[in-house]
$ cat data-v4.pdb   # PDB, C-alpha atoms and all ligand atoms
ATOM      1  CA  MET A  18     -26.240 -38.122   1.336  1.00  0.00           C
ATOM      2  CA  LYS A  19     -24.969 -36.727   4.606  1.00  0.00           C
ATOM      3  CA  ILE A  20     -21.357 -37.176   3.567  1.00  0.00           C
ATOM      4  CA  ILE A  21     -21.936 -35.302   0.308  1.00  0.00           C
ATOM      5  CA  LYS A  22     -23.405 -32.388   2.222  1.00  0.00           C
ATOM      6  CA  GLN A  23     -20.423 -32.303   4.550  1.00  0.00           C
ATOM      7  CA  THR A  24     -17.984 -32.422   1.653  1.00  0.00           C
ATOM      8  CA  THR A  25     -19.791 -29.545  -0.033  1.00  0.00           C
ATOM      9  CA  VAL A  26     -19.575 -27.484   3.143  1.00  0.00           C
ATOM     10  CA  ILE A  27     -15.861 -28.206   3.481  1.00  0.00           C
ATOM     11  CA  ILE A  28     -15.216 -27.248  -0.138  1.00  0.00           C
ATOM     12  CA  PHE A  29     -17.058 -23.958   0.351  1.00  0.00           C
ATOM     13  CA  ILE A  30     -15.089 -23.162   3.476  1.00  0.00           C
ATOM     14  CA  ALA A  31     -11.830 -23.969   1.693  1.00  0.00           C
ATOM     15  CA  LEU A  32     -12.763 -21.757  -1.273  1.00  0.00           C
ATOM     16  CA  PHE A  33     -13.746 -18.948   1.076  1.00  0.00           C
ATOM     17  CA  LEU A  34     -10.440 -19.135   2.960  1.00  0.00           C
ATOM     18  CA  MET A  35      -8.481 -19.217  -0.280  1.00  0.00           C
ATOM     19  CA  SER A  36     -10.195 -16.142  -1.692  1.00  0.00           C
ATOM     20  CA  ALA A  37      -9.851 -14.272   1.608  1.00  0.00           C
ATOM     21  CA  GLN A  38      -6.138 -14.972   1.518  1.00  0.00           C
ATOM     22  CA  THR A  39      -5.642 -13.722  -2.037  1.00  0.00           C
ATOM     23  CA  LEU A  40      -7.562 -10.567  -1.158  1.00  0.00           C
ATOM     24  CA  THR A  41      -5.353  -9.720   1.813  1.00  0.00           C
ATOM     25  CA  SER A  42      -2.120 -10.504   0.028  1.00  0.00           C
ATOM     26  CA  LYS A  43      -3.245  -8.394  -2.903  1.00  0.00           C
ATOM     27  CA  ALA A  44      -3.981  -5.464  -0.579  1.00  0.00           C
ATOM     28  CA  ALA A  45      -0.555  -5.742   1.011  1.00  0.00           C
ATOM     29  CA  GLY A  46       1.137  -6.164  -2.359  1.00  0.00           C
ATOM     30  CA  ASN A  47      -0.520  -3.133  -3.837  1.00  0.00           C
ATOM     31  CA  CYS A  48       1.458  -0.658  -1.726  1.00  0.00           C
ATOM     32  CA  ASP A  49       4.617  -2.112  -3.138  1.00  0.00           C
ATOM     33  CA  TYR A  50       3.179  -1.540  -6.597  1.00  0.00           C
ATOM     34  CA  ILE A  51       2.083   2.033  -5.819  1.00  0.00           C
ATOM     35  CA  LEU A  52       5.471   2.915  -4.328  1.00  0.00           C
ATOM     36  CA  ASN A  53       7.446   1.467  -7.213  1.00  0.00           C
ATOM     37  CA  THR A  54       5.318   2.811 -10.039  1.00  0.00           C
ATOM     38  CA  LYS A  55       3.822   6.064  -8.735  1.00  0.00           C
ATOM     39  CA  CYS A  56       6.296   7.387  -6.181  1.00  0.00           C
ATOM     40  CA  THR A  57       9.558   7.027  -8.066  1.00  0.00           C
ATOM     41  CA  THR A  58       8.997   9.274 -11.048  1.00  0.00           C
ATOM     42  CA  CYS A  59      10.158  12.486  -9.317  1.00  0.00           C
ATOM     43  CA  HIS A  60      12.446  11.230  -6.557  1.00  0.00           C
ATOM     44  CA  ASN A  61      13.653   7.834  -5.432  1.00  0.00           C
ATOM     45  CA  LEU A  62      12.213   5.761  -2.611  1.00  0.00           C
ATOM     46  CA  GLY A  63      14.978   6.891  -0.274  1.00  0.00           C
ATOM     47  CA  ARG A  64      13.050  10.063   0.333  1.00  0.00           C
ATOM     48  CA  ILE A  65      10.105   8.000   1.554  1.00  0.00           C
ATOM     49  CA  CYS A  66      12.047   5.236   3.315  1.00  0.00           C
ATOM     50  CA  ARG A  67      13.988   7.777   5.385  1.00  0.00           C
ATOM     51  CA  LYS A  68      10.709   8.997   6.875  1.00  0.00           C
ATOM     52  CA  LEU A  69       9.398   5.605   7.957  1.00  0.00           C
ATOM     53  CA  GLY A  70       8.517   5.564  11.634  1.00  0.00           C
ATOM     54  CA  LYS A  71       8.649   9.365  11.804  1.00  0.00           C
ATOM     55  CA  LYS A  72       5.130  10.220  10.664  1.00  0.00           C
ATOM     56  CA  LYS A  73       1.725   9.399  12.045  1.00  0.00           C
ATOM     57  CA  LYS A  74      -0.971   8.274   9.629  1.00  0.00           C
ATOM     58  CA  SER A  75      -2.464  11.759   9.350  1.00  0.00           C
ATOM     59  CA  LYS A  76       0.971  13.153   8.426  1.00  0.00           C
ATOM     60  CA  TRP A  77       1.482  10.490   5.779  1.00  0.00           C
ATOM     61  CA  THR A  78      -1.938  11.265   4.345  1.00  0.00           C
ATOM     62  CA  THR A  79      -1.015  14.954   4.178  1.00  0.00           C
ATOM     63  CA  THR A  80       2.328  14.156   2.528  1.00  0.00           C
ATOM     64  CA  ILE A  81       0.780  11.798  -0.023  1.00  0.00           C
ATOM     65  CA  LYS A  82      -1.946  14.311  -0.861  1.00  0.00           C
ATOM     66  CA  ARG A  83       0.770  16.911  -1.421  1.00  0.00           C
ATOM     67  CA  MET A  84       2.486  14.437  -3.790  1.00  0.00           C
ATOM     68  CA  VAL A  85      -0.811  14.074  -5.649  1.00  0.00           C
ATOM     69  CA  ARG A  86      -0.872  17.865  -6.041  1.00  0.00           C
ATOM     70  CA  HIS A  87       2.719  17.683  -7.332  1.00  0.00           C
ATOM     71  CA  GLY A  88       1.383  15.207  -9.925  1.00  0.00           C
ATOM     72  CA  ALA A  89       1.488  11.673  -8.472  1.00  0.00           C
ATOM     73  CA  PRO A  90      -1.363   9.732 -10.117  1.00  0.00           C
ATOM     74  CA  LEU A  91      -3.032   8.125  -7.073  1.00  0.00           C
ATOM     75  CA  SER A  92      -6.745   7.503  -6.596  1.00  0.00           C
ATOM     76  CA  LYS A  93      -8.371   8.459  -3.281  1.00  0.00           C
ATOM     77  CA  ASP A  94      -8.388   4.793  -2.269  1.00  0.00           C
ATOM     78  CA  GLU A  95      -4.706   4.462  -3.066  1.00  0.00           C
ATOM     79  CA  VAL A  96      -3.895   7.497  -0.912  1.00  0.00           C
ATOM     80  CA  GLN A  97      -5.607   5.857   2.077  1.00  0.00           C
ATOM     81  CA  GLU A  98      -4.133   2.451   1.359  1.00  0.00           C
ATOM     82  CA  LEU A  99      -0.598   3.750   1.026  1.00  0.00           C
ATOM     83  CA  ALA A 100      -0.898   5.942   4.141  1.00  0.00           C
ATOM     84  CA  ALA A 101      -1.909   2.838   6.112  1.00  0.00           C
ATOM     85  CA  CYS A 102       0.974   0.761   4.706  1.00  0.00           C
ATOM     86  CA  LEU A 103       3.537   3.467   5.415  1.00  0.00           C
ATOM     87  CA  THR A 104       2.284   3.987   8.965  1.00  0.00           C
ATOM     88  CA  GLU A 105       2.303   0.276   9.742  1.00  0.00           C
ATOM     89  CA  GLN A 106       5.530  -0.218   7.779  1.00  0.00           C
ATOM     90  CA  ASN A 107       4.094  -3.507   6.576  1.00  0.00           C
ATOM     91  CA  ALA A 108       5.931  -6.156   4.608  1.00  0.00           C
ATOM     92  CA  SER A 109       5.333  -4.560   1.208  1.00  0.00           C
ATOM     93  CA  VAL A 110       6.864  -1.286   2.395  1.00  0.00           C
ATOM     94  CA  LYS A 111       9.841  -3.066   3.946  1.00  0.00           C
ATOM     95  CA  ASP A 112      10.314  -4.902   0.642  1.00  0.00           C
ATOM     96  CA  ALA A 113      10.214  -1.691  -1.357  1.00  0.00           C
ATOM     97  CA  CYS A 114      12.689  -0.005   1.017  1.00  0.00           C
ATOM     98  CA  LYS A 115      15.227  -2.831   1.092  1.00  0.00           C
TER      99      LYS A 115
HETATM  100  C1  LIG B   1       5.157  14.634  -9.474  1.00  0.00           C
HETATM  101  C2  LIG B   1       6.368  14.472  -8.731  1.00  0.00           C
HETATM  102  C3  LIG B   1       6.299  13.630  -7.461  1.00  0.00           C
HETATM  103  C4  LIG B   1       5.773  12.373  -7.297  1.00  0.00           C
HETATM  104  C5  LIG B   1       5.121  11.493  -8.351  1.00  0.00           C
HETATM  105  C6  LIG B   1       5.973  12.015  -5.901  1.00  0.00           C
HETATM  106  N1  LIG B   1       6.621  13.023  -5.237  1.00  0.00           N
HETATM  107 FE1  LIG B   1       7.222  13.006  -3.285  1.00  0.00          FE
HETATM  108  N2  LIG B   1       8.125  14.812  -3.536  1.00  0.00           N
HETATM  109  C7  LIG B   1       8.048  15.589  -4.693  1.00  0.00           C
HETATM  110  C8  LIG B   1       8.696  16.865  -4.437  1.00  0.00           C
HETATM  111  C9  LIG B   1       8.796  17.998  -5.461  1.00  0.00           C
HETATM  112  C10 LIG B   1       9.172  16.827  -3.112  1.00  0.00           C
HETATM  113  C11 LIG B   1       9.897  17.941  -2.324  1.00  0.00           C
HETATM  114  C12 LIG B   1       8.942  19.046  -1.930  1.00  0.00           C
HETATM  115  C13 LIG B   1       7.880  18.601  -0.958  1.00  0.00           C
HETATM  116  O1  LIG B   1       8.191  17.990   0.078  1.00  0.00           O
HETATM  117  O2  LIG B   1       6.689  18.862  -1.236  1.00  0.00           O
HETATM  118  C14 LIG B   1       8.808  15.507  -2.578  1.00  0.00           C
HETATM  119  C15 LIG B   1       9.125  15.069  -1.307  1.00  0.00           C
HETATM  120  C16 LIG B   1       8.673  13.899  -0.728  1.00  0.00           C
HETATM  121  C17 LIG B   1       8.926  13.479   0.634  1.00  0.00           C
HETATM  122  C18 LIG B   1       9.800  14.193   1.664  1.00  0.00           C
HETATM  123  C19 LIG B   1       9.082  15.335   2.296  1.00  0.00           C
HETATM  124  C20 LIG B   1       8.216  14.945   3.473  1.00  0.00           C
HETATM  125  O3  LIG B   1       7.225  15.640   3.713  1.00  0.00           O
HETATM  126  O4  LIG B   1       8.472  13.935   4.164  1.00  0.00           O
HETATM  127  C21 LIG B   1       8.242  12.321   0.827  1.00  0.00           C
HETATM  128  C22 LIG B   1       8.171  11.479   2.093  1.00  0.00           C
HETATM  129  C23 LIG B   1       7.581  12.005  -0.430  1.00  0.00           C
HETATM  130  N3  LIG B   1       7.865  12.968  -1.360  1.00  0.00           N
HETATM  131  C24 LIG B   1       6.780  10.900  -0.615  1.00  0.00           C
HETATM  132  C25 LIG B   1       6.185  10.568  -1.836  1.00  0.00           C
HETATM  133  C26 LIG B   1       5.302   9.410  -2.021  1.00  0.00           C
HETATM  134  C27 LIG B   1       4.879   8.447  -0.913  1.00  0.00           C
HETATM  135  C28 LIG B   1       4.956   9.398  -3.342  1.00  0.00           C
HETATM  136  C29 LIG B   1       4.000   8.437  -4.032  1.00  0.00           C
HETATM  137  C30 LIG B   1       2.643   8.491  -3.566  1.00  0.00           C
HETATM  138  C31 LIG B   1       5.605  10.537  -3.993  1.00  0.00           C
HETATM  139  N4  LIG B   1       6.330  11.219  -3.031  1.00  0.00           N
HETATM  140  C32 LIG B   1       5.520  10.838  -5.340  1.00  0.00           C
HETATM  141  C33 LIG B   1       7.482  15.223  -5.889  1.00  0.00           C
HETATM  142  C34 LIG B   1       6.837  14.025  -6.157  1.00  0.00           C
END

$ encode --input "data-v4.pdb" --output "structure tokens"
Amino acid sequence: MKIIKQTTVIIFIALFLMSAQTLTSKAAGNCDYILNTKCTTCHNLGRICRKLGKKKKSKWTTTIKRMVRHGAPLSKDEVQELAACLTEQNASVKDACK
């Protein structure tokens, strides 16, 4: 009986770790998606990539909100998410700017 209990616990831990991993990779991947689908309709990514490392998070938020006023279709969550990615210049941003 004891061994079955232990196995169950291990399976739960494994499932938990697996789902946590898909969640984080999805979050990181989403910026790539936002950039490539919602930020390229009016200008290319060069305009964004050139500014990497030059803006603090608050400045990126201001810029992205201005883009939303221009017509970029981002939800409030996406504005925050993208501002974080652009400030950190995480892997998804580096990928998009290659
Ligand atoms: C509806 C059209 C449109 C969309 C969609 C759009 N932009 Fe822009 N973007 C503009 C225009 C127009 C300018 C130049 C005028 C300005 O800066 O407001 C610009 C300029 C910029 C600049 C350079 C100016 C600065 O302040 O650094 C950046 C960076 C930028 N956009 C980022 C983005 C990002 C990130 C997205 C996606 C969330 C995006 N844009 C989507 C219209 C758009």

$ resolve_selection --input "data-v4.pdb" --expression "the PyMOL selection byres (((chain A and resi 115) around 10) and not hetatm)" --output "PyMOL selection string"
chain A and resi 62-63+66+110-114

$ resolve_selection --input "data-v4.pdb" --expression "the PyMOL selection byres (((not hetatm)) within 6 of (chain B and resi 1))" --output "list in words"
Leu52, Lys55, Cys56, Thr58, Cys59, Arg64, Ile65, Lys68, Thr80, Ile81, Met84, His87, Gly88 and Ala89 of chain A

$ residues_near_point --input "data-v4.pdb" --point "(3.2, 1.9, 7.9)" --cutoff "12 Å" --atoms "all atoms listed in the file" --output "PyMOL selection string"
chain A and resi 45+48-49+65-66+68-78+97-111+114

$ atom_distance --input "data-v4.pdb" --atom1 "CA of Arg83 in chain A" --atom2 "CA of Ile51 in chain A"
15.6 Å

$ atom_distance --input "data-v4.pdb" --atom1 "CA of Lys82 in chain A" --atom2 "CA of Val96 in chain A"
7.1 Å

$ atom_distance --input "data-v4.pdb" --atom1 "CA of Asn47 in chain A" --atom2 "CA of Ser92 in chain A"
12.6 Å

$ axis_aligned_box --input "data-v4.pdb" --around "range 53-56 of chain A" --padding-each-side "6 Å" --output "lines of an AutoDock Vina configuration file"
center_x = 5.6
center_y = 4.4
center_z = -8.1
size_x = 15.6
size_y = 17.9
size_z = 15.9
